[in-house]
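Structure file data07.csv; described as CSV, C-alpha atoms.
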```csv
chain,number,residue,atom,x,y,z
A,1,MET,CA,-7.5,2.3,-17.3
A,2,GLY,CA,-9.2,-1.0,-16.5
A,3,LYS,CA,-10.5,-2.2,-13.2
A,4,ASP,CA,-10.1,-5.5,-11.4
A,5,VAL,CA,-10.8,-7.2,-8.1
A,6,ILE,CA,-7.7,-8.7,-6.5
A,7,VAL,CA,-8.3,-11.5,-4.0
A,8,ALA,CA,-6.0,-11.3,-1.0
A,9,CYS,CA,-5.1,-14.9,-0.4
A,10,ASP,CA,-3.4,-14.7,3.0
A,11,PHE,CA,-3.2,-18.4,3.6
A,12,ASP,CA,-0.4,-20.2,5.4
A,13,ARG,CA,0.3,-22.9,2.9
A,14,ALA,CA,-0.1,-23.6,-0.8
A,15,ALA,CA,-2.5,-26.5,-0.2
A,16,GLU,CA,-5.0,-24.2,1.5
A,17,LEU,CA,-4.8,-21.7,-1.4
A,18,PHE,CA,-5.3,-24.4,-4.0
A,19,ASP,CA,-8.3,-25.8,-2.1
A,20,PHE,CA,-9.7,-22.3,-2.0
A,21,LEU,CA,-9.1,-21.7,-5.7
A,22,ASP,CA,-10.8,-25.0,-6.6
A,23,ILE,CA,-14.1,-23.3,-5.6
A,24,PHE,CA,-13.8,-20.9,-8.5
A,25,GLN,CA,-13.6,-23.7,-11.1
A,26,GLU,CA,-13.0,-22.1,-14.5
A,27,LYS,CA,-12.7,-18.5,-13.1
A,28,LYS,CA,-9.2,-17.2,-12.7
A,29,PRO,CA,-9.3,-14.3,-10.2
A,30,PHE,CA,-6.4,-11.9,-9.8
A,31,ILE,CA,-4.5,-13.1,-6.7
A,32,LYS,CA,-2.5,-11.2,-4.1
A,33,ILE,CA,0.3,-13.2,-2.5
A,34,GLY,CA,1.5,-11.7,0.8
A,35,MET,CA,4.4,-12.3,3.1
A,36,GLU,CA,2.9,-15.2,4.9
A,37,LEU,CA,2.5,-17.5,1.9
A,38,TYR,CA,5.6,-16.3,0.0
A,39,ASN,CA,7.8,-16.8,3.0
A,40,GLU,CA,6.5,-20.4,3.4
A,41,GLU,CA,6.4,-21.4,-0.3
A,42,GLY,CA,8.8,-19.1,-2.1
A,43,SER,CA,8.8,-18.6,-5.8
A,44,PHE,CA,7.1,-22.0,-6.3
A,45,ILE,CA,3.7,-20.5,-5.4
A,46,VAL,CA,4.1,-17.7,-8.0
A,47,ARG,CA,5.2,-20.0,-10.8
A,48,GLU,CA,2.4,-22.5,-10.0
A,49,LEU,CA,-0.3,-19.8,-10.0
A,50,LYS,CA,1.0,-18.4,-13.3
A,51,ARG,CA,0.9,-21.9,-14.8
A,52,ARG,CA,-2.8,-22.1,-13.7
A,53,GLY,CA,-3.5,-18.8,-15.5
A,54,HIS,CA,-3.8,-16.3,-12.7
A,55,LYS,CA,-2.5,-12.7,-12.6
A,56,ILE,CA,-0.4,-12.1,-9.5
A,57,PHE,CA,0.1,-9.1,-7.2
A,58,LEU,CA,3.2,-10.0,-5.1
A,59,ASP,CA,2.7,-7.9,-2.0
A,60,LEU,CA,6.0,-8.0,-0.1
A,61,LYS,CA,6.2,-4.3,0.7
A,62,ILE,CA,10.0,-4.2,0.2
A,63,HIS,CA,11.7,-1.6,2.3
A,64,ASP,CA,15.5,-1.4,2.8
A,65,ILE,CA,18.6,0.6,1.6
A,66,PRO,CA,18.6,1.3,-2.2
A,67,ASN,CA,21.2,-1.3,-3.1
A,68,THR,CA,19.5,-4.1,-1.2
A,69,VAL,CA,16.2,-3.2,-2.7
A,70,LYS,CA,17.6,-3.1,-6.2
A,71,LYS,CA,19.1,-6.6,-5.8
A,72,THR,CA,15.9,-8.0,-4.3
A,73,MET,CA,13.9,-6.6,-7.2
A,74,MET,CA,16.3,-8.2,-9.7
A,75,VAL,CA,15.5,-11.5,-8.2
A,76,LEU,CA,11.7,-10.8,-8.3
A,77,SER,CA,12.0,-9.8,-12.0
A,78,ARG,CA,12.8,-13.4,-12.9
A,79,MET,CA,9.2,-14.3,-12.1
A,80,GLU,CA,6.2,-13.4,-14.2
A,81,ILE,CA,4.4,-11.3,-11.6
A,82,ASP,CA,2.0,-8.6,-12.7
A,83,ILE,CA,2.2,-6.1,-9.8
A,84,CYS,CA,4.8,-5.7,-7.0
A,85,ASP,CA,5.3,-3.1,-4.3
A,86,VAL,CA,7.8,-1.2,-2.1
A,87,HIS,CA,7.2,1.1,0.9
A,88,ALA,CA,7.1,4.7,-0.3
A,89,SER,CA,8.6,5.7,3.1
A,90,GLY,CA,11.9,4.3,1.9
A,91,GLY,CA,12.3,7.4,-0.1
A,92,ILE,CA,12.8,8.4,-3.8
A,93,ARG,CA,16.3,6.9,-4.2
A,94,MET,CA,15.1,3.6,-2.9
A,95,MET,CA,12.1,3.6,-5.2
A,96,GLU,CA,14.3,4.5,-8.2
A,97,ALA,CA,16.6,1.6,-7.3
A,98,ALA,CA,13.6,-0.7,-7.1
A,99,LEU,CA,12.4,0.4,-10.6
A,100,GLU,CA,15.9,-0.2,-12.0
A,101,GLY,CA,16.1,-3.7,-10.4
A,102,ILE,CA,12.6,-4.9,-11.5
A,103,THR,CA,13.2,-3.9,-15.1
A,104,ARG,CA,14.5,-6.8,-17.2
A,105,LEU,CA,17.1,-6.5,-19.9
A,106,ASP,CA,14.4,-6.5,-22.6
A,107,GLY,CA,12.7,-3.5,-20.9
A,108,LYS,CA,9.7,-5.4,-19.7
A,109,ARG,CA,8.6,-5.3,-16.1
A,110,PRO,CA,5.5,-5.7,-13.9
A,111,LEU,CA,3.7,-2.7,-12.5
A,112,LEU,CA,5.6,-1.3,-9.6
A,113,ILE,CA,3.7,0.6,-6.9
A,114,GLY,CA,4.5,2.3,-3.6
A,115,VAL,CA,2.7,1.7,-0.3
A,116,THR,CA,1.8,5.0,1.3
A,117,GLN,CA,0.1,4.3,4.7
A,118,LEU,CA,-1.5,1.0,5.7
A,119,THR,CA,-5.3,1.0,5.9
A,120,SER,CA,-4.9,-0.1,9.6
A,121,THR,CA,-3.2,3.3,10.3
A,122,ASP,CA,-5.5,6.1,11.6
A,123,GLN,CA,-4.7,9.7,12.6
A,124,GLU,CA,-4.1,8.8,16.2
A,125,MET,CA,-1.6,6.1,15.4
A,126,LEU,CA,0.1,8.4,12.9
A,127,GLU,CA,0.7,11.1,15.5
A,128,GLU,CA,1.3,9.1,18.7
A,129,GLU,CA,3.3,6.1,17.4
A,130,LEU,CA,4.9,7.4,14.2
A,131,LEU,CA,5.3,11.0,15.4
A,132,ILE,CA,3.9,12.3,12.1
A,133,ARG,CA,1.8,15.4,12.9
A,134,MET,CA,0.4,16.1,9.5
A,135,PRO,CA,-3.2,15.0,8.5
A,136,ILE,CA,-3.1,11.5,7.1
A,137,ASP,CA,-4.5,12.5,3.7
A,138,LYS,CA,-1.7,15.0,3.3
A,139,VAL,CA,0.9,12.4,4.3
A,140,VAL,CA,-0.6,10.0,1.7
A,141,MET,CA,-0.5,12.7,-1.0
A,142,HIS,CA,3.1,13.6,-0.3
A,143,TYR,CA,4.2,10.0,-0.5
A,144,ALA,CA,2.2,9.6,-3.7
A,145,GLN,CA,4.0,12.6,-5.2
A,146,ASN,CA,7.4,11.0,-4.3
A,147,VAL,CA,6.3,7.7,-5.9
A,148,LYS,CA,5.5,9.5,-9.1
A,149,LYS,CA,8.8,11.4,-9.0
A,150,ALA,CA,10.6,8.1,-8.7
A,151,GLY,CA,8.9,6.9,-11.9
A,152,LEU,CA,6.7,4.2,-10.4
A,153,ASP,CA,3.2,3.4,-11.8
A,154,GLY,CA,1.0,4.1,-8.8
A,155,ILE,CA,0.4,3.6,-5.1
A,156,VAL,CA,-1.4,1.5,-2.5
A,157,CYS,CA,-3.7,3.7,-0.6
A,158,SER,CA,-7.1,3.7,1.1
A,159,PRO,CA,-10.0,4.0,-1.3
A,160,ARG,CA,-10.9,7.2,0.6
A,161,GLU,CA,-7.7,8.8,-0.8
A,162,ALA,CA,-8.0,7.5,-4.4
A,163,GLU,CA,-10.1,10.3,-5.8
A,164,ALA,CA,-7.8,13.1,-4.5
A,165,VAL,CA,-4.7,11.2,-5.8
A,166,HIS,CA,-6.1,11.0,-9.3
A,167,LYS,CA,-7.1,14.6,-9.3
A,168,LYS,CA,-3.6,15.6,-8.3
A,169,LEU,CA,-1.5,13.1,-10.2
A,170,GLY,CA,-3.6,12.1,-13.1
A,171,LYS,CA,-5.9,9.2,-14.0
A,172,ARG,CA,-3.0,7.1,-15.5
A,173,PHE,CA,-1.4,7.0,-12.0
A,174,ILE,CA,-2.7,3.7,-10.6
A,175,THR,CA,-4.5,3.4,-7.2
A,176,VAL,CA,-4.6,-0.1,-5.6
A,177,THR,CA,-6.9,0.1,-2.7
A,178,PRO,CA,-7.3,-2.5,0.2
A,179,GLY,CA,-9.6,-1.8,3.1
A,180,ILE,CA,-12.7,-3.0,1.2
A,181,ARG,CA,-15.6,-4.3,3.1
A,182,PHE,CA,-19.2,-5.0,2.1
A,183,ALA,CA,-21.8,-2.8,3.9
A,184,ASP,CA,-22.8,-5.9,6.0
A,185,SER,CA,-19.3,-7.1,6.7
A,186,GLU,CA,-17.3,-6.8,9.9
A,187,ILE,CA,-14.5,-4.1,9.8
A,188,GLY,CA,-11.9,-6.2,11.6
A,189,ASP,CA,-8.5,-4.5,11.9
A,190,GLN,CA,-9.1,-2.1,9.1
A,191,ARG,CA,-9.8,1.6,9.7
A,192,ARG,CA,-10.1,3.6,6.5
A,193,ILE,CA,-12.5,1.4,4.5
A,194,MET,CA,-15.1,1.6,1.8
A,195,THR,CA,-17.5,-0.8,0.0
A,196,PRO,CA,-16.7,-2.0,-3.6
A,197,ALA,CA,-19.3,0.4,-5.0
A,198,GLN,CA,-17.9,3.3,-3.1
A,199,ALA,CA,-14.4,2.5,-4.2
A,200,LYS,CA,-15.6,2.5,-7.8
A,201,GLU,CA,-17.0,6.0,-7.3
A,202,THR,CA,-13.6,7.3,-6.0
A,203,GLY,CA,-11.9,6.0,-9.1
A,204,SER,CA,-9.9,3.1,-7.6
A,205,ASN,CA,-8.2,1.0,-10.3
A,206,TYR,CA,-7.9,-2.2,-8.3
A,207,ILE,CA,-9.5,-3.2,-5.1
A,208,VAL,CA,-7.9,-5.7,-2.8
A,209,VAL,CA,-10.4,-7.9,-1.0
A,210,GLY,CA,-9.4,-10.6,1.5
A,211,ARG,CA,-11.5,-11.9,4.4
A,212,PRO,CA,-14.9,-10.8,2.9
A,213,ILE,CA,-14.2,-13.3,0.1
A,214,THR,CA,-11.8,-15.9,1.7
A,215,GLN,CA,-13.8,-16.3,4.8
A,216,ALA,CA,-17.3,-16.1,3.2
A,217,LYS,CA,-19.7,-19.0,3.4
A,218,ASP,CA,-19.8,-18.9,-0.4
A,219,PRO,CA,-16.5,-17.4,-1.6
A,220,LEU,CA,-17.5,-17.6,-5.3
A,221,ALA,CA,-20.7,-15.6,-4.6
A,222,ALA,CA,-18.8,-13.0,-2.5
A,223,TYR,CA,-16.2,-12.6,-5.3
A,224,GLN,CA,-18.9,-12.2,-7.9
A,225,ARG,CA,-20.6,-9.6,-5.7
A,226,CYS,CA,-17.4,-7.6,-5.6
A,227,CYS,CA,-17.1,-7.8,-9.3
A,228,ASP,CA,-20.7,-6.7,-9.9
A,229,GLU,CA,-20.3,-3.7,-7.5
A,230,PHE,CA,-16.9,-2.6,-8.7
A,231,ILE,CA,-16.2,-3.4,-12.4
A,232,ASP,CA,-17.9,-1.5,-15.2
A,233,LYS,CA,-19.9,-3.9,-17.2
A,234,PRO,CA,-19.5,-3.5,-21.0
A,235,LYS,CA,-22.6,-2.0,-22.6
A,236,LYS,CA,-24.6,-4.2,-24.9
A,237,ARG,CA,-24.6,-3.2,-28.6
A,238,THR,CA,-28.0,-2.5,-30.0
A,239,SER,CA,-28.7,-3.7,-33.5
A,240,LYS,CA,-30.0,-1.1,-35.9
```

Output the file's structure as structure tokens, nothing else.
Amino acid sequence: MGKDVIVACDFDRAAELFDFLDIFQEKKPFIKIGMELYNEEGSFIVRELKRRGHKIFLDLKIHDIPNTVKKTMMVLSRMEIDICDVHASGGIRMMEAALEGITRLDGKRPLLIGVTQLTSTDQEMLEEELLIRMPIDKVVMHYAQNVKKAGLDGIVCSPREAEAVHKKLGKRFITVTPGIRFADSEIGDQRRIMTPAQAKETGSNYIVVGRPITQAKDPLAAYQRCCDEFIDKPKKRTSK
């Protein structure tokens, strides 16, 4: 299973995103498009990014009754996205409907993953606001098991939970982990965080990095730093 750095491009408008991507010149980072930008620009932003050669994680966190989710995913299946997600709290039937909807007639589809608990959620919030009394790591694992039962490819979780998820559900079960900060970065509104190097050690397949790159003085250098810390570099062959 490969690794990659996904840049969370939480901009308000396409023009801001394109100005940002111009910094990268010939590099084509994997891009996460969230609700803000998609609600403003619609499918245009996805098609334009694909035309420019980017892989796309469309992060809409779909959550509704199974029939509505299925129809929504059928619409999304018409775009060439690489990863999309639903909320695992919607239940197994909803996730099965999402999988059916996102699968095209030729059998092809993007990776479909389930969101477990947001990285802004901590134990106090889980208990006092959501009335879930179980430890957060057990809640995440239970959701992850439901995601696998539904036939999805993996989950969104904190990098702190990735290692346990792989031990329980196998290395082919994908973990996409936001909540990534450099050791010298501000935490912001995230709670369950790790550095790119720490996320690599836990076995995360993809890390999602937003403000440490998009708000850096030198975004290209920050992106390269993430890649250097997280992605396994191919070993050089030695001539005999």

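Using all atoms listed in the file, the shortest contact distance between Gln123 in chain A and any of A:Val139, A:Ser43, A:Pro212, A:Lys108 is found at A:Val139.
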
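Residues lying within 7 Å of range 65-70 of chain A, counting only C-alpha atoms and ignoring same-chain neighbours fewer than 4 positions away, are A:Met74, A:Arg93, A:Met94, A:Ala97, A:Ala98, A:Glu100, A:Gly101.
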
Take the residues that were just selected and, keeping C-alpha atoms, output them as an mmCIF file, in the coordinates of the input.
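Output saved as result.cif:
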```cif
data_model
loop_
_atom_site.group_PDB
_atom_site.id
_atom_site.type_symbol
_atom_site.label_atom_id
_atom_site.label_comp_id
_atom_site.auth_asym_id
_atom_site.auth_seq_id
_atom_site.Cartn_x
_atom_site.Cartn_y
_atom_site.Cartn_z
ATOM 1 C CA MET A 74 16.300 -8.200 -9.700
ATOM 2 C CA ARG A 93 16.300 6.900 -4.200
ATOM 3 C CA MET A 94 15.100 3.600 -2.900
ATOM 4 C CA ALA A 97 16.600 1.600 -7.300
ATOM 5 C CA ALA A 98 13.600 -0.700 -7.100
ATOM 6 C CA GLU A 100 15.900 -0.200 -12.000
ATOM 7 C CA GLY A 101 16.100 -3.700 -10.400
#
```

Residues of range 56-151 of chain A that have any atom at most 9 Å from an atom of range 164-188 of chain A: could you tabulate them with the shortest-distance atom pair and the distance in Å to one decimal, using all atoms listed in the file, ordered by chain and increasing number, as CSV?
```
residue,atom,partner,partner_atom,distance
A:Ile113,CA,A:Ile174,CA,8.0
A:Leu118,CA,A:Pro178,CA,8.7
A:Thr119,CA,A:Gly179,CA,5.8
A:Ser120,CA,A:Gly179,CA,8.2
A:Asp137,CA,A:Ala164,CA,8.9
A:Val140,CA,A:Val165,CA,8.6
A:Met141,CA,A:Val165,CA,6.6
A:Ala144,CA,A:Val165,CA,7.4
A:Gln145,CA,A:Leu169,CA,7.4
A:Lys148,CA,A:Phe173,CA,7.9
```

Could those selected residues go to a file with C-alpha atoms, as a PDB file, in the frame of the given file?
```
ATOM      1  CA  ILE A 113       3.700   0.600  -6.900  1.00  0.00           C
ATOM      2  CA  LEU A 118      -1.500   1.000   5.700  1.00  0.00           C
ATOM      3  CA  THR A 119      -5.300   1.000   5.900  1.00  0.00           C
ATOM      4  CA  SER A 120      -4.900  -0.100   9.600  1.00  0.00           C
ATOM      5  CA  ASP A 137      -4.500  12.500   3.700  1.00  0.00           C
ATOM      6  CA  VAL A 140      -0.600  10.000   1.700  1.00  0.00           C
ATOM      7  CA  MET A 141      -0.500  12.700  -1.000  1.00  0.00           C
ATOM      8  CA  ALA A 144       2.200   9.600  -3.700  1.00  0.00           C
ATOM      9  CA  GLN A 145       4.000  12.600  -5.200  1.00  0.00           C
ATOM     10  CA  LYS A 148       5.500   9.500  -9.100  1.00  0.00           C
TER      11      LYS A 148
END
```

Can you tell me, as a PyMOL selection string, which residues sit within 12 Å of (7.1, -4.2, 3.2) in the file's frame, using all atoms listed in the file? chain A and resi 34-36+58-64+69+84-90+113-118+156

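Using all atoms listed in the file, the residues found no farther than 7 Å from range 215-230 of chain A, other than those of its own chain fewer than 3 positions away, are Val5, Ile23, Phe24, Pro196, Ala197, Lys200, Arg211 and Pro212 of chain A.
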
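Picture a line from CA of Glu163 in chain A to CA of Ile213 in chain A; it runs 24.7 Å.
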
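You can rank A:Met73, A:Glu124, A:Val208, A:Ala162 by their closest distance to Ala8 in chain A using all atoms listed in the file, and at the top of that list sits A:Val208.
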
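Take CA of Gln198 in chain A and CA of Leu126 in chain A: the distance between them is 24.6 Å.
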
Find the residues around Cys9 in chain A up to 8 Å (only C-alpha atoms counted), leave out those fewer than 4 positions away in its own chain, and share them as a ChimeraX atom specification. /A:17,31-34,210,214

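Here CA of Leu21 in chain A and CA of Ile81 in chain A stand 18.0 Å from one another.
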
Every residue with an atom at most 12 Å from (8.9, -21.0, -9.7) (file coordinates; only C-alpha atoms) is what I'm after, so could you write them as a PDB file with C-alpha atoms, keeping the file's coordinate frame?
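See part_5.pdb below for the written result:
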```pdb
ATOM      1  CA  TYR A  38       5.600 -16.300   0.000  1.00  0.00           C
ATOM      2  CA  GLU A  41       6.400 -21.400  -0.300  1.00  0.00           C
ATOM      3  CA  GLY A  42       8.800 -19.100  -2.100  1.00  0.00           C
ATOM      4  CA  SER A  43       8.800 -18.600  -5.800  1.00  0.00           C
ATOM      5  CA  PHE A  44       7.100 -22.000  -6.300  1.00  0.00           C
ATOM      6  CA  ILE A  45       3.700 -20.500  -5.400  1.00  0.00           C
ATOM      7  CA  VAL A  46       4.100 -17.700  -8.000  1.00  0.00           C
ATOM      8  CA  ARG A  47       5.200 -20.000 -10.800  1.00  0.00           C
ATOM      9  CA  GLU A  48       2.400 -22.500 -10.000  1.00  0.00           C
ATOM     10  CA  LEU A  49      -0.300 -19.800 -10.000  1.00  0.00           C
ATOM     11  CA  LYS A  50       1.000 -18.400 -13.300  1.00  0.00           C
ATOM     12  CA  ARG A  51       0.900 -21.900 -14.800  1.00  0.00           C
ATOM     13  CA  VAL A  75      15.500 -11.500  -8.200  1.00  0.00           C
ATOM     14  CA  LEU A  76      11.700 -10.800  -8.300  1.00  0.00           C
ATOM     15  CA  SER A  77      12.000  -9.800 -12.000  1.00  0.00           C
ATOM     16  CA  ARG A  78      12.800 -13.400 -12.900  1.00  0.00           C
ATOM     17  CA  MET A  79       9.200 -14.300 -12.100  1.00  0.00           C
ATOM     18  CA  GLU A  80       6.200 -13.400 -14.200  1.00  0.00           C
ATOM     19  CA  ILE A  81       4.400 -11.300 -11.600  1.00  0.00           C
TER      20      ILE A  81
END
```
